file protein29.tsv (TSV, C-alpha atoms and all ligand atoms)
chain	number	residue	atom	x	y	z
A	30	MET	CA	-11.72	135.62	51.34
A	31	ILE	CA	-15.13	136.74	50.07
A	32	SER	CA	-15.54	140.25	51.47
A	33	PHE	CA	-18.74	141.34	53.08
A	34	ASN	CA	-18.72	144.60	51.13
A	35	VAL	CA	-16.76	146.11	48.25
A	36	PRO	CA	-17.60	149.78	47.53
A	37	PRO	CA	-19.30	150.16	44.14
A	38	TYR	CA	-17.23	151.43	41.24
A	39	VAL	CA	-18.76	151.80	37.77
A	40	GLY	CA	-15.88	153.35	35.82
A	41	GLU	CA	-16.66	157.05	35.29
A	42	GLU	CA	-16.02	158.25	38.83
A	43	ASP	CA	-12.37	159.20	38.12
A	44	LYS	CA	-13.31	161.14	35.00
A	45	TYR	CA	-15.89	163.24	36.83
A	46	ILE	CA	-13.62	163.89	39.81
A	47	HIS	CA	-10.89	164.96	37.39
A	48	GLU	CA	-13.36	167.24	35.63
A	49	ALA	CA	-14.23	168.97	38.92
A	50	ILE	CA	-10.53	169.53	39.60
A	51	LEU	CA	-9.75	170.82	36.10
A	52	ASN	CA	-12.73	173.18	36.21
A	53	LYS	CA	-11.47	174.48	39.57
A	54	LYS	CA	-14.83	173.74	41.12
A	55	ILE	CA	-14.10	171.62	44.17
A	56	CYS	CA	-16.01	173.28	47.02
A	57	GLY	CA	-19.67	172.60	47.82
A	58	ASP	CA	-22.77	173.27	45.70
A	59	GLY	CA	-20.96	173.27	42.36
A	60	PRO	CA	-22.22	171.68	39.11
A	61	PHE	CA	-21.99	168.04	40.28
A	62	THR	CA	-23.86	168.71	43.53
A	63	LYS	CA	-26.56	170.50	41.52
A	64	LYS	CA	-26.82	167.56	39.12
A	65	CYS	CA	-27.13	165.11	42.01
A	66	ASN	CA	-29.79	167.26	43.74
A	67	LYS	CA	-31.76	167.50	40.49
A	68	TRP	CA	-31.47	163.76	39.85
A	69	LEU	CA	-32.70	162.95	43.36
A	70	LYS	CA	-35.59	165.40	43.13
A	71	GLU	CA	-36.75	164.10	39.75
A	72	LYS	CA	-36.31	160.45	40.62
A	73	THR	CA	-38.08	160.63	44.00
A	74	GLY	CA	-40.62	163.37	43.45
A	75	THR	CA	-39.62	165.25	46.63
A	76	ALA	CA	-40.00	169.04	46.80
A	77	LYS	CA	-36.25	169.56	47.33
A	78	ALA	CA	-33.23	167.25	47.60
A	79	LEU	CA	-29.95	168.52	49.03
A	80	LEU	CA	-26.71	166.56	49.25
A	81	THR	CA	-25.17	166.46	52.71
A	82	THR	CA	-21.90	165.27	54.20
A	83	SER	CA	-23.59	162.12	55.55
A	84	CYS	CA	-26.93	160.61	56.45
A	85	THR	CA	-26.03	161.37	60.06
A	86	HIS	CA	-25.82	165.04	59.09
A	87	ALA	CA	-29.00	164.88	57.01
A	88	THR	CA	-30.78	163.62	60.13
A	89	GLU	CA	-29.17	166.35	62.27
A	90	LEU	CA	-30.39	168.90	59.76
A	91	ALA	CA	-33.89	167.39	59.97
A	92	ALA	CA	-33.75	167.59	63.79
A	93	LEU	CA	-32.84	171.31	63.53
A	94	LEU	CA	-35.65	171.88	61.01
A	95	ALA	CA	-38.05	170.08	63.34
A	96	ASP	CA	-37.00	172.44	66.17
A	97	ILE	CA	-36.25	169.55	68.51
A	98	LYS	CA	-35.58	170.93	72.01
A	99	PRO	CA	-34.46	169.61	75.40
A	100	GLY	CA	-37.27	167.63	77.00
A	101	ASP	CA	-38.82	166.55	73.69
A	102	GLU	CA	-39.33	162.86	72.99
A	103	VAL	CA	-38.66	161.18	69.67
A	104	ILE	CA	-39.96	157.68	68.90
A	105	MET	CA	-37.70	155.26	67.02
A	106	PRO	CA	-36.67	151.61	66.98
A	107	SER	CA	-33.81	150.45	69.22
A	108	TYR	CA	-32.65	148.14	66.45
A	109	THR	CA	-30.91	150.77	64.31
A	110	PHE	CA	-27.62	152.55	63.70
A	111	VAL	CA	-26.54	155.10	66.33
A	112	SER	CA	-27.05	158.06	63.97
A	113	THR	CA	-30.84	157.66	64.12
A	114	ALA	CA	-30.72	158.58	67.81
A	115	ASP	CA	-27.65	160.87	67.80
A	116	ALA	CA	-29.31	163.55	65.70
A	117	PHE	CA	-32.09	164.03	68.24
A	118	VAL	CA	-30.26	163.50	71.53
A	119	LEU	CA	-27.73	166.13	70.36
A	120	ARG	CA	-30.62	168.60	70.52
A	121	GLY	CA	-31.46	167.43	74.04
A	122	ALA	CA	-34.35	165.13	73.19
A	123	LYS	CA	-34.93	161.74	74.72
A	124	ALA	CA	-35.02	158.70	72.44
A	125	ILE	CA	-38.08	156.55	73.07
A	126	PHE	CA	-37.41	153.08	71.73
A	127	VAL	CA	-40.24	150.91	70.46
A	128	ASP	CA	-40.00	147.19	69.69
A	129	ILE	CA	-39.58	145.86	66.14
A	130	ARG	CA	-41.58	143.41	64.04
A	131	PRO	CA	-39.66	140.16	63.66
A	132	ASP	CA	-40.68	139.73	60.02
A	133	THR	CA	-39.11	142.93	58.60
A	134	MET	CA	-36.99	144.11	61.60
A	135	ASN	CA	-38.76	147.46	61.26
A	136	ILE	CA	-40.46	149.40	64.07
A	137	ASP	CA	-43.75	147.72	65.04
A	138	GLU	CA	-46.30	150.31	63.90
A	139	THR	CA	-48.97	148.88	66.22
A	140	LEU	CA	-46.88	149.78	69.30
A	141	ILE	CA	-46.10	153.40	68.39
A	142	GLU	CA	-49.31	155.09	69.53
A	143	SER	CA	-49.03	153.90	73.14
A	144	ALA	CA	-45.55	155.48	73.32
A	145	VAL	CA	-46.88	158.94	72.40
A	146	THR	CA	-46.98	161.48	75.26
A	147	ASP	CA	-47.54	165.24	75.28
A	148	ARG	CA	-43.74	165.62	74.99
A	149	THR	CA	-43.51	163.58	71.76
A	150	LYS	CA	-42.34	165.66	68.79
A	151	ALA	CA	-41.49	163.17	66.05
A	152	ILE	CA	-41.48	159.58	64.85
A	153	VAL	CA	-38.38	158.27	63.09
A	154	PRO	CA	-39.12	155.11	61.10
A	155	VAL	CA	-35.99	153.29	59.90
A	156	HIS	CA	-36.50	151.35	56.66
A	157	TYR	CA	-34.28	148.40	57.50
A	158	ALA	CA	-32.60	146.66	54.56
A	159	GLY	CA	-34.38	149.06	52.20
A	160	VAL	CA	-37.76	147.50	53.05
A	161	SER	CA	-40.35	150.08	54.03
A	162	CYS	CA	-41.99	150.45	57.42
A	163	GLU	CA	-45.83	150.37	57.48
A	164	MET	CA	-46.03	154.04	56.49
A	165	ASP	CA	-49.82	154.50	56.17
A	166	THR	CA	-50.26	153.54	59.83
A	167	ILE	CA	-47.31	155.69	60.93
A	168	MET	CA	-48.49	158.75	58.97
A	169	ASP	CA	-51.98	158.35	60.40
A	170	ILE	CA	-50.66	158.32	64.00
A	171	ALA	CA	-48.46	161.34	63.24
A	172	LYS	CA	-51.37	163.26	61.76
A	173	ARG	CA	-53.71	162.57	64.66
A	174	HIS	CA	-51.10	163.56	67.27
A	175	ASN	CA	-49.57	166.42	65.28
A	176	LEU	CA	-46.10	164.82	65.09
A	177	LEU	CA	-43.39	165.16	62.47
A	178	VAL	CA	-42.13	162.09	60.62
A	179	ILE	CA	-38.45	161.91	59.71
A	180	GLU	CA	-37.64	158.83	57.65
A	181	ASP	CA	-34.25	157.23	58.17
A	182	ALA	CA	-34.03	155.97	54.59
A	183	ALA	CA	-30.24	155.54	54.83
A	184	GLN	CA	-30.60	152.13	53.19
A	185	GLY	CA	-33.64	152.96	51.07
A	186	ILE	CA	-32.56	154.60	47.80
A	187	THR	CA	-34.98	153.53	44.97
A	188	SER	CA	-37.14	151.42	47.31
A	189	THR	CA	-40.86	152.11	47.36
A	190	TYR	CA	-43.94	151.77	49.58
A	191	LYS	CA	-47.21	151.58	47.62
A	192	GLY	CA	-45.31	153.04	44.70
A	193	ARG	CA	-43.87	156.00	46.63
A	194	GLN	CA	-40.12	156.42	47.04
A	195	LEU	CA	-38.84	155.95	50.59
A	196	GLY	CA	-37.84	159.26	52.11
A	197	THR	CA	-40.69	161.15	50.38
A	198	ILE	CA	-43.57	160.00	52.59
A	199	GLY	CA	-42.79	161.80	55.88
A	200	ASP	CA	-41.82	165.46	56.38
A	201	PHE	CA	-38.13	164.75	55.80
A	202	GLY	CA	-36.21	161.78	54.42
A	203	CYS	CA	-32.52	160.99	54.91
A	204	TYR	CA	-30.33	158.94	52.55
A	205	SER	CA	-26.81	157.64	53.05
A	206	PHE	CA	-24.17	157.34	50.35
A	207	HIS	CA	-21.55	155.82	52.64
A	208	GLU	CA	-19.37	153.22	50.94
A	209	THR	CA	-21.43	150.41	52.50
A	210	LYS	CA	-24.65	151.57	50.82
A	211	ASN	CA	-25.92	150.71	47.31
A	212	ILE	CA	-24.47	153.85	45.75
A	213	SER	CA	-21.69	155.86	47.27
A	214	MET	CA	-19.63	159.02	47.51
A	215	GLY	CA	-17.34	157.66	50.23
A	216	GLU	CA	-18.97	159.65	53.00
A	217	GLY	CA	-22.15	161.53	52.14
A	218	GLY	CA	-25.91	161.60	52.11
A	219	ALA	CA	-28.92	163.69	51.23
A	220	ILE	CA	-31.95	165.22	52.86
A	221	LEU	CA	-35.30	165.14	51.08
A	222	VAL	CA	-37.42	168.12	52.09
A	223	ASN	CA	-40.97	167.10	51.30
A	224	ASN	CA	-42.86	170.26	52.33
A	225	PRO	CA	-42.12	173.26	50.10
A	226	SER	CA	-42.51	175.54	53.16
A	227	ASP	CA	-39.38	173.97	54.74
A	228	ILE	CA	-37.07	174.45	51.74
A	229	GLU	CA	-35.77	177.91	52.53
A	230	ARG	CA	-34.84	177.06	56.12
A	231	ALA	CA	-33.21	173.80	55.00
A	232	GLU	CA	-30.96	175.73	52.61
A	233	ILE	CA	-30.12	178.27	55.32
A	234	ILE	CA	-29.25	175.78	58.09
A	235	ARG	CA	-27.21	173.64	55.67
A	236	GLU	CA	-25.15	176.72	54.68
A	237	LYS	CA	-23.98	177.87	58.15
A	238	GLY	CA	-27.23	179.68	58.88
A	239	THR	CA	-26.81	182.10	55.97
A	240	ASP	CA	-29.09	182.99	53.07
A	241	ARG	CA	-26.26	182.24	50.65
A	242	SER	CA	-28.48	180.11	48.37
A	243	LYS	CA	-30.79	183.07	47.80
A	244	PHE	CA	-27.75	185.26	47.08
A	245	PHE	CA	-26.50	182.84	44.41
A	246	ARG	CA	-29.95	182.80	42.83
A	247	GLY	CA	-29.86	186.61	42.77
A	248	GLN	CA	-32.81	186.93	45.16
A	249	VAL	CA	-30.86	189.06	47.65
A	250	ASP	CA	-27.92	191.37	46.86
A	251	LYS	CA	-25.76	190.27	49.79
A	252	TYR	CA	-25.89	187.27	52.03
A	253	THR	CA	-25.95	187.34	55.79
A	254	TRP	CA	-26.37	185.28	58.93
A	255	VAL	CA	-30.09	184.66	59.48
A	256	GLU	CA	-30.24	181.80	62.00
A	257	ALA	CA	-28.11	179.18	63.79
A	258	GLY	CA	-26.84	176.64	61.30
A	259	SER	CA	-23.94	174.41	60.42
A	260	SER	CA	-22.02	173.23	57.37
A	261	TYR	CA	-23.65	170.20	55.86
A	262	LEU	CA	-22.64	170.48	52.21
A	263	PRO	CA	-20.15	168.01	50.74
A	264	SER	CA	-17.19	168.76	48.48
A	265	GLU	CA	-17.68	168.56	44.70
A	266	LEU	CA	-15.15	165.71	44.57
A	267	ASN	CA	-17.53	163.51	46.52
A	268	ALA	CA	-20.53	164.72	44.51
A	269	ALA	CA	-18.69	163.91	41.24
A	270	HIS	CA	-18.16	160.33	42.45
A	271	LEU	CA	-21.82	160.03	43.37
A	272	TYR	CA	-23.07	161.46	40.08
A	273	ALA	CA	-21.23	158.76	38.12
A	274	GLN	CA	-23.08	156.19	40.21
A	275	LEU	CA	-26.47	157.88	39.92
A	276	GLU	CA	-26.09	157.78	36.15
A	277	ASN	CA	-25.45	154.04	36.40
A	278	ILE	CA	-27.87	153.22	39.18
A	279	ASP	CA	-29.98	150.86	37.07
A	280	LYS	CA	-26.92	148.76	36.32
A	281	ILE	CA	-25.91	148.66	40.00
A	282	GLN	CA	-29.42	147.83	41.18
A	283	ALA	CA	-29.97	145.12	38.56
A	284	ASP	CA	-26.73	143.44	39.60
A	285	ARG	CA	-27.59	143.57	43.33
A	286	MET	CA	-31.12	142.31	42.67
A	287	LYS	CA	-29.75	139.36	40.69
A	288	SER	CA	-27.53	138.45	43.66
A	289	TRP	CA	-30.35	138.90	46.18
A	290	ASN	CA	-32.72	136.72	44.15
A	291	LEU	CA	-30.07	134.02	43.77
A	292	TYR	CA	-29.51	133.91	47.55
A	293	TYR	CA	-33.27	133.66	47.99
A	294	GLU	CA	-33.61	130.80	45.49
A	295	LEU	CA	-30.70	128.86	46.92
A	296	LEU	CA	-31.72	129.26	50.57
A	297	LYS	CA	-35.49	128.98	50.43
A	298	ASP	CA	-35.53	125.22	50.99
A	299	LEU	CA	-33.48	125.57	54.14
A	300	ALA	CA	-36.02	128.17	55.29
A	301	LYS	CA	-38.92	125.87	54.39
A	302	GLU	CA	-37.37	123.13	56.52
A	303	GLY	CA	-37.45	125.60	59.41
A	304	LYS	CA	-33.67	125.72	59.86
A	305	ILE	CA	-33.25	129.42	59.11
A	306	ASP	CA	-35.37	132.48	58.37
A	307	ILE	CA	-34.86	134.57	55.25
A	308	PRO	CA	-36.08	138.12	54.53
A	309	PHE	CA	-39.79	138.85	54.15
A	310	ILE	CA	-40.92	141.58	51.76
A	311	PRO	CA	-44.49	142.87	52.41
A	312	GLU	CA	-46.65	143.06	49.30
A	313	GLU	CA	-46.83	146.87	49.25
A	314	CYS	CA	-43.03	147.19	49.35
A	315	GLU	CA	-40.52	147.10	46.54
A	316	HIS	CA	-37.03	146.70	47.95
A	317	ASN	CA	-33.59	147.63	46.58
A	318	ALA	CA	-31.53	144.54	47.41
A	319	HIS	CA	-29.60	146.51	50.00
A	320	MET	CA	-29.08	143.52	52.24
A	321	PHE	CA	-29.49	139.75	52.31
A	322	TYR	CA	-29.64	138.31	55.80
A	323	ILE	CA	-30.50	135.01	57.35
A	324	LYS	CA	-31.56	134.29	60.91
A	325	ALA	CA	-30.14	131.41	62.91
A	326	LYS	CA	-31.97	129.80	65.85
A	327	ASP	CA	-30.23	131.91	68.49
A	328	LEU	CA	-27.01	133.72	69.40
A	329	ASP	CA	-25.00	130.51	69.95
A	330	GLU	CA	-25.98	129.08	66.60
A	331	ARG	CA	-25.22	132.38	64.85
A	332	THR	CA	-21.77	132.55	66.44
A	333	ALA	CA	-21.02	128.98	65.35
A	334	LEU	CA	-22.29	129.71	61.83
A	335	SER	CA	-20.31	132.93	61.38
A	336	ASP	CA	-17.15	131.20	62.71
A	337	TYR	CA	-17.72	128.33	60.29
A	338	LEU	CA	-18.16	130.73	57.37
A	339	ALA	CA	-15.00	132.63	58.39
A	340	GLU	CA	-13.06	129.33	58.39
A	341	ASN	CA	-14.31	128.93	54.82
A	342	ASP	CA	-13.13	132.41	53.79
A	343	ILE	CA	-16.57	134.03	53.90
A	344	ASN	CA	-16.98	137.30	55.75
A	345	ALA	CA	-20.55	137.40	57.09
A	346	VAL	CA	-21.32	140.09	59.65
A	347	PHE	CA	-23.96	141.16	62.14
A	348	HIS	CA	-24.68	144.63	63.47
A	349	TYR	CA	-26.65	146.85	65.79
A	350	ILE	CA	-26.30	146.11	69.44
A	351	PRO	CA	-29.79	147.41	70.31
A	352	LEU	CA	-29.40	151.05	71.31
A	353	HIS	CA	-31.32	150.69	74.57
A	354	SER	CA	-28.72	148.25	75.87
A	355	SER	CA	-25.74	150.49	74.96
A	356	PRO	CA	-24.14	152.81	77.56
A	357	ALA	CA	-25.38	155.96	75.77
A	358	GLY	CA	-28.79	154.48	75.07
A	359	LYS	CA	-29.31	153.80	78.77
A	360	ARG	CA	-28.55	157.43	79.60
A	361	LEU	CA	-30.24	159.15	76.66
A	362	GLY	CA	-33.15	156.90	75.89
A	363	GLU	CA	-35.80	154.63	77.27
A	364	PHE	CA	-37.44	151.48	75.97
A	365	HIS	CA	-41.22	151.82	75.90
A	366	GLY	CA	-43.07	148.60	76.59
A	367	GLU	CA	-41.64	145.11	76.38
A	368	ASP	CA	-38.54	144.09	74.42
A	369	ARG	CA	-40.09	141.00	72.85
A	370	PHE	CA	-38.15	140.96	69.59
A	371	THR	CA	-35.47	143.67	69.45
A	372	THR	CA	-32.78	141.82	71.41
A	373	LYS	CA	-33.79	138.30	70.47
A	374	GLU	CA	-34.05	138.90	66.71
A	375	SER	CA	-30.91	141.08	66.57
A	376	GLU	CA	-28.95	138.16	68.06
A	377	ARG	CA	-30.16	135.79	65.35
A	378	LEU	CA	-29.41	137.93	62.31
A	379	LEU	CA	-26.38	137.42	60.05
A	380	ARG	CA	-25.73	139.50	56.92
A	381	LEU	CA	-24.27	137.72	53.91
A	382	PRO	CA	-21.82	139.30	51.43
A	383	LEU	CA	-23.68	141.49	48.94
A	384	TYR	CA	-22.16	144.12	46.70
A	385	TYR	CA	-22.06	145.29	43.09
A	386	GLY	CA	-20.00	142.73	41.18
A	387	LEU	CA	-20.42	139.78	43.58
A	388	LYS	CA	-20.29	136.65	41.41
A	389	SER	CA	-22.96	133.96	41.11
A	390	ASP	CA	-20.29	131.31	41.79
A	391	GLU	CA	-19.46	133.02	45.04
A	392	ILE	CA	-23.12	133.04	46.06
A	393	SER	CA	-23.39	129.32	45.21
A	394	TYR	CA	-20.30	128.64	47.30
A	395	ILE	CA	-21.61	130.66	50.27
A	396	THR	CA	-25.02	128.97	50.21
A	397	GLN	CA	-23.44	125.51	49.90
A	398	LYS	CA	-21.41	126.19	53.03
A	399	ILE	CA	-24.51	127.37	54.90
A	400	LYS	CA	-26.36	124.20	53.88
A	401	LYS	CA	-23.39	122.08	54.92
A	402	PHE	CA	-23.39	123.77	58.33
A	403	TYR	CA	-27.05	122.88	58.82
A	404	ASN	CA	-26.90	119.31	57.55
A	501	LIG	C1	-25.66	153.90	57.25
A	501	LIG	C2	-26.77	154.32	58.13
A	501	LIG	C3	-26.81	155.58	58.73
A	501	LIG	C4	-25.66	156.55	58.70
A	501	LIG	O1	-25.25	156.91	57.46
A	501	LIG	P1	-23.96	157.84	57.28
A	501	LIG	O2	-24.08	158.33	55.87
A	501	LIG	O3	-22.77	156.94	57.48
A	501	LIG	O4	-24.01	158.91	58.28
A	501	LIG	C5	-27.93	155.93	59.47
A	501	LIG	N1	-28.96	155.09	59.63
A	501	LIG	C6	-28.96	153.86	59.09
A	501	LIG	C7	-30.14	152.98	59.27
A	501	LIG	C8	-27.86	153.43	58.32
A	501	LIG	O5	-27.86	152.20	57.80

call {"tool": "encode", "arguments": {"input": "protein29.tsv", "output": "C-alpha cells", "more": "lines below"}}
Ligand SMILES: *Cc1c(COP(=O)(O)O)cnc(C)c1O
result
Amino acid sequence: MISFNVPPYVGEEDKYIHEAILNKKICGDGPFTKKCNKWLKEKTGTAKALLTTSCTHATELAALLADIKPGDEVIMPSYTFVSTADAFVLRGAKAIFVDIRPDTMNIDETLIESAVTDRTKAIVPVHYAGVSCEMDTIMDIAKRHNLLVIEDAAQGITSTYKGRQLGTIGDFGCYSFHETKNISMGEGGAILVNNPSDIERAEIIREKGTDRSKFFRGQVDKYTWVEAGSSYLPSELNAAHLYAQLENIDKIQADRMKSWNLYYELLKDLAKEGKIDIPFIPEECEHNAHMFYIKAKDLDERTALSDYLAENDINAVFHYIPLHSSPAGKRLGEFHGEDRFTTKESERLLRLPLYYGLKSDEISYITQKIKKFYN
C-alpha cells in the first residue's frame, strides 16, 4: 500500500530529544523552543514567532489577542479545517462563510467586501495547499473597514506571496506542525505576531495570563497574573523534534517539490485533454509542495477513482466537508451569498500521496493507474 502520508523524519530528531532529556530541560520555553522561535522569526521576518501546542491553539491565541467577543462576525471560507472556525466561535463569534475560487480553492477575495457588516471584526484567509490567497485585495478591504486579518497558514510554511512569507502579511499568522504537514513536531504549531505592539500580550496570554516572560528576561522581579490566558506552550521534547526538521527544511522541501513537479509533468496531458484538473499556482505565489490534488468530473467519478486507486494499493484521500453543511457550522455560522463552488469543487477534489521520501517510481505507478482509469 502506498500511504497517503508518512510523517517526516530526517535523522537528528532522536538526538535532540535525548539532549533535552539529559539536560533536564523538558518543559516549555527551553533552549529548543527558543531556537525554533528564533529560526521562524529570522526566516519569515515577523516581529515575534512563538511555538504553540497546535495551529488550532495558535488561532485561539490570535482570537484572544483580537478581543473577539460574542456577537462579532468573522469572515472565512467554508472549505477549510474545523480549527479555522473553532477558534472564533469559542469566543462567541459567528463564522461568516464566503465562497471559494475554483482555481486555487482559496476564499474568493472579490466576495469578501459584501459580507462585511458593522459586526465584522476579522477576516481569516486560509492558504489552501500552501498557495496564497489574494492578499493585497484582502489587506485593502481590511484596512478600509478597520478589520484584523488572521492568516490560517497551517499549510503555508516557506510559501510566499509577492516575495513575502505567508503568515507575515496580516496581523497574525498561524502555522501547523502536525504530522501531516511539511515539517512536524507531532502536535504543534506557531503564532507569528506581526505588530510589535501585540508581542507583550501574546506572551502573557500564551503563559496562563502571567508576565512570566518578562520575569525570565529580568524585566520584573516577580511574575503575576495580569489577564485571562491559557497554556499554549509545547514541551521541549516536541520542540527538539521540530528543530531537527527546521535545520533540514531545505532538504525536505526540495524532496517534496521534486515529487510535486513529477506529478505535474506526468498528469498535465490528462489535464490538457480535459479529463481532470490539476493545481493552479498564481504568478505572484511561490508554493511549498504541501499538497498535490486532482479534480475529477464530479462526486461519482471521484468515488470510483478513489476506489480504483485503493484496489491498486494507493491511498488517495479527500477532506473538508464544507463547514456550512456540518451540524456545528449550521448552528454557529452562516454562508454569505451563493455556494457556487464550495460544495461542488470540494466533491471533485482528491489528494494524492505526497510526503518526504516518496519515490519517483511510486509516483509513476500512481499516475499510470490514474491514466488507466481515464482511458
Ligand atoms: C492542519 C490544519 C489546521 C490545524 O492544525 P493543528 O496543528 O492540527 O491544530 C488548521 N487549519 C488548516 C487549514 C489546516 O490544514

call {"tool": "closest_atom_pairs", "arguments": {"input": "protein29.tsv", "of": "chain A", "to": "ligand LIG 501 (chain A)", "cutoff": "10 Å", "atoms": "all atoms listed in the file", "output": "tab-separated table"}}
result
residue	atom	partner	partner_atom	distance
A:Thr81	CA	A:LIG501	O2	8.8
A:Thr82	CA	A:LIG501	O2	7.5
A:Ser83	CA	A:LIG501	O2	3.8
A:Cys84	CA	A:LIG501	O2	3.7
A:Thr85	CA	A:LIG501	O4	3.6
A:His86	CA	A:LIG501	O4	6.4
A:Ala87	CA	A:LIG501	O4	7.9
A:Thr88	CA	A:LIG501	C5	8.2
A:Glu89	CA	A:LIG501	O4	9.9
A:Tyr108	CA	A:LIG501	C7	9.0
A:Thr109	CA	A:LIG501	C7	5.6
A:Phe110	CA	A:LIG501	C6	5.0
A:Val111	CA	A:LIG501	C5	7.0
A:Ser112	CA	A:LIG501	C5	5.1
A:Thr113	CA	A:LIG501	N1	5.5
A:Ala114	CA	A:LIG501	N1	9.1
A:Asp115	CA	A:LIG501	C5	9.7
A:Ala116	CA	A:LIG501	C5	9.9
A:Pro154	CA	A:LIG501	C7	9.4
A:Val155	CA	A:LIG501	C7	5.9
A:His156	CA	A:LIG501	C7	7.1
A:Tyr157	CA	A:LIG501	C7	6.4
A:Ala158	CA	A:LIG501	O5	8.0
A:Gly159	CA	A:LIG501	C7	9.1
A:Glu180	CA	A:LIG501	C7	9.6
A:Asp181	CA	A:LIG501	N1	5.9
A:Ala182	CA	A:LIG501	C7	6.8
A:Ala183	CA	A:LIG501	C8	4.7
A:Gln184	CA	A:LIG501	O5	5.4
A:Gly185	CA	A:LIG501	O5	8.9
A:Cys203	CA	A:LIG501	C5	8.2
A:Tyr204	CA	A:LIG501	O2	7.1
A:Ser205	CA	A:LIG501	O2	4.0
A:Phe206	CA	A:LIG501	O2	5.6
A:His207	CA	A:LIG501	O2	4.8
A:Glu208	CA	A:LIG501	O3	8.3
A:Thr209	CA	A:LIG501	C1	7.3
A:Lys210	CA	A:LIG501	C1	6.9
A:Ser213	CA	A:LIG501	O2	9.3
A:Met214	CA	A:LIG501	O2	9.5
A:Gly215	CA	A:LIG501	O2	8.8
A:Glu216	CA	A:LIG501	O2	6.0
A:Gly217	CA	A:LIG501	O2	5.3
A:Gly218	CA	A:LIG501	O2	5.3
A:Ala219	CA	A:LIG501	O2	8.6
A:His319	CA	A:LIG501	O5	9.8
A:His348	CA	A:LIG501	O5	10.0
A:Tyr349	CA	A:LIG501	C7	9.6

call {"tool": "closest_residue", "arguments": {"input": "protein29.tsv", "among": "A:Glu363, A:Glu265, A:Glu374, A:Glu163", "to": "Ile350 in chain A", "atoms": "only C-alpha atoms"}}
result
A:Glu374

call {"tool": "residues_around", "arguments": {"input": "protein29.tsv", "residues": "His353 in chain A", "least_positions_apart": "6", "cutoff": "10 Å", "atoms": "all atoms listed in the file", "output": "number ranges by chain"}}
result
A: 106-108, 124-127, 359-364, 368, 371-372

call {"tool": "residues_around", "arguments": {"input": "protein29.tsv", "residues": "range 48-51 of chain A", "least_positions_apart": "4", "cutoff": "7 Å", "atoms": "all atoms listed in the file", "output": "PyMOL selection string"}}
result
chain A and resi 44+55+265-266

call {"tool": "closest_residue", "arguments": {"input": "protein29.tsv", "among": "A:Asn34, A:Thr73, A:Thr197, A:Thr187", "to": "Met320 in chain A", "atoms": "all atoms listed in the file"}}
result
A:Asn34

call {"tool": "closest_residue", "arguments": {"input": "protein29.tsv", "among": "A:Ile305, A:His174, A:His270, A:Thr75", "to": "Ile198 in chain A", "atoms": "only C-alpha atoms"}}
result
A:Thr75

call {"tool": "closest_residue", "arguments": {"input": "protein29.tsv", "among": "A:Asp240, A:Asp58, A:Asp279, A:Asp132", "to": "Phe309 in chain A", "atoms": "only C-alpha atoms"}}
result
A:Asp132

call {"tool": "closest_residue", "arguments": {"input": "protein29.tsv", "among": "A:Arg369, A:His47, A:Lys72, A:Lys401", "to": "Thr189 in chain A", "atoms": "only C-alpha atoms"}}
result
A:Lys72

call {"tool": "residues_around", "arguments": {"input": "protein29.tsv", "residues": "Arg380 in chain A", "least_positions_apart": "4", "cutoff": "6 Å", "atoms": "all atoms listed in the file", "output": "list in words"}}
result
Phe321, Tyr322, Ala345, Val346 and Phe347 of chain A

call {"tool": "residues_around", "arguments": {"input": "protein29.tsv", "residues": "Gly121 in chain A", "least_positions_apart": "6", "cutoff": "10 Å", "atoms": "all atoms listed in the file", "output": "PDB file with C-alpha atoms, keeping the file's coordinate frame"}}
result
ATOM      1  CA  ILE A  97     -36.250 169.550  68.510  1.00  0.00           C
ATOM      2  CA  LYS A  98     -35.580 170.930  72.010  1.00  0.00           C
ATOM      3  CA  PRO A  99     -34.460 169.610  75.400  1.00  0.00           C
ATOM      4  CA  GLY A 100     -37.270 167.630  77.000  1.00  0.00           C
ATOM      5  CA  ASP A 101     -38.820 166.550  73.690  1.00  0.00           C
ATOM      6  CA  GLU A 102     -39.330 162.860  72.990  1.00  0.00           C
ATOM      7  CA  ASP A 115     -27.650 160.870  67.800  1.00  0.00           C
ATOM      8  CA  LEU A 361     -30.240 159.150  76.660  1.00  0.00           C
TER       9      LEU A 361
END
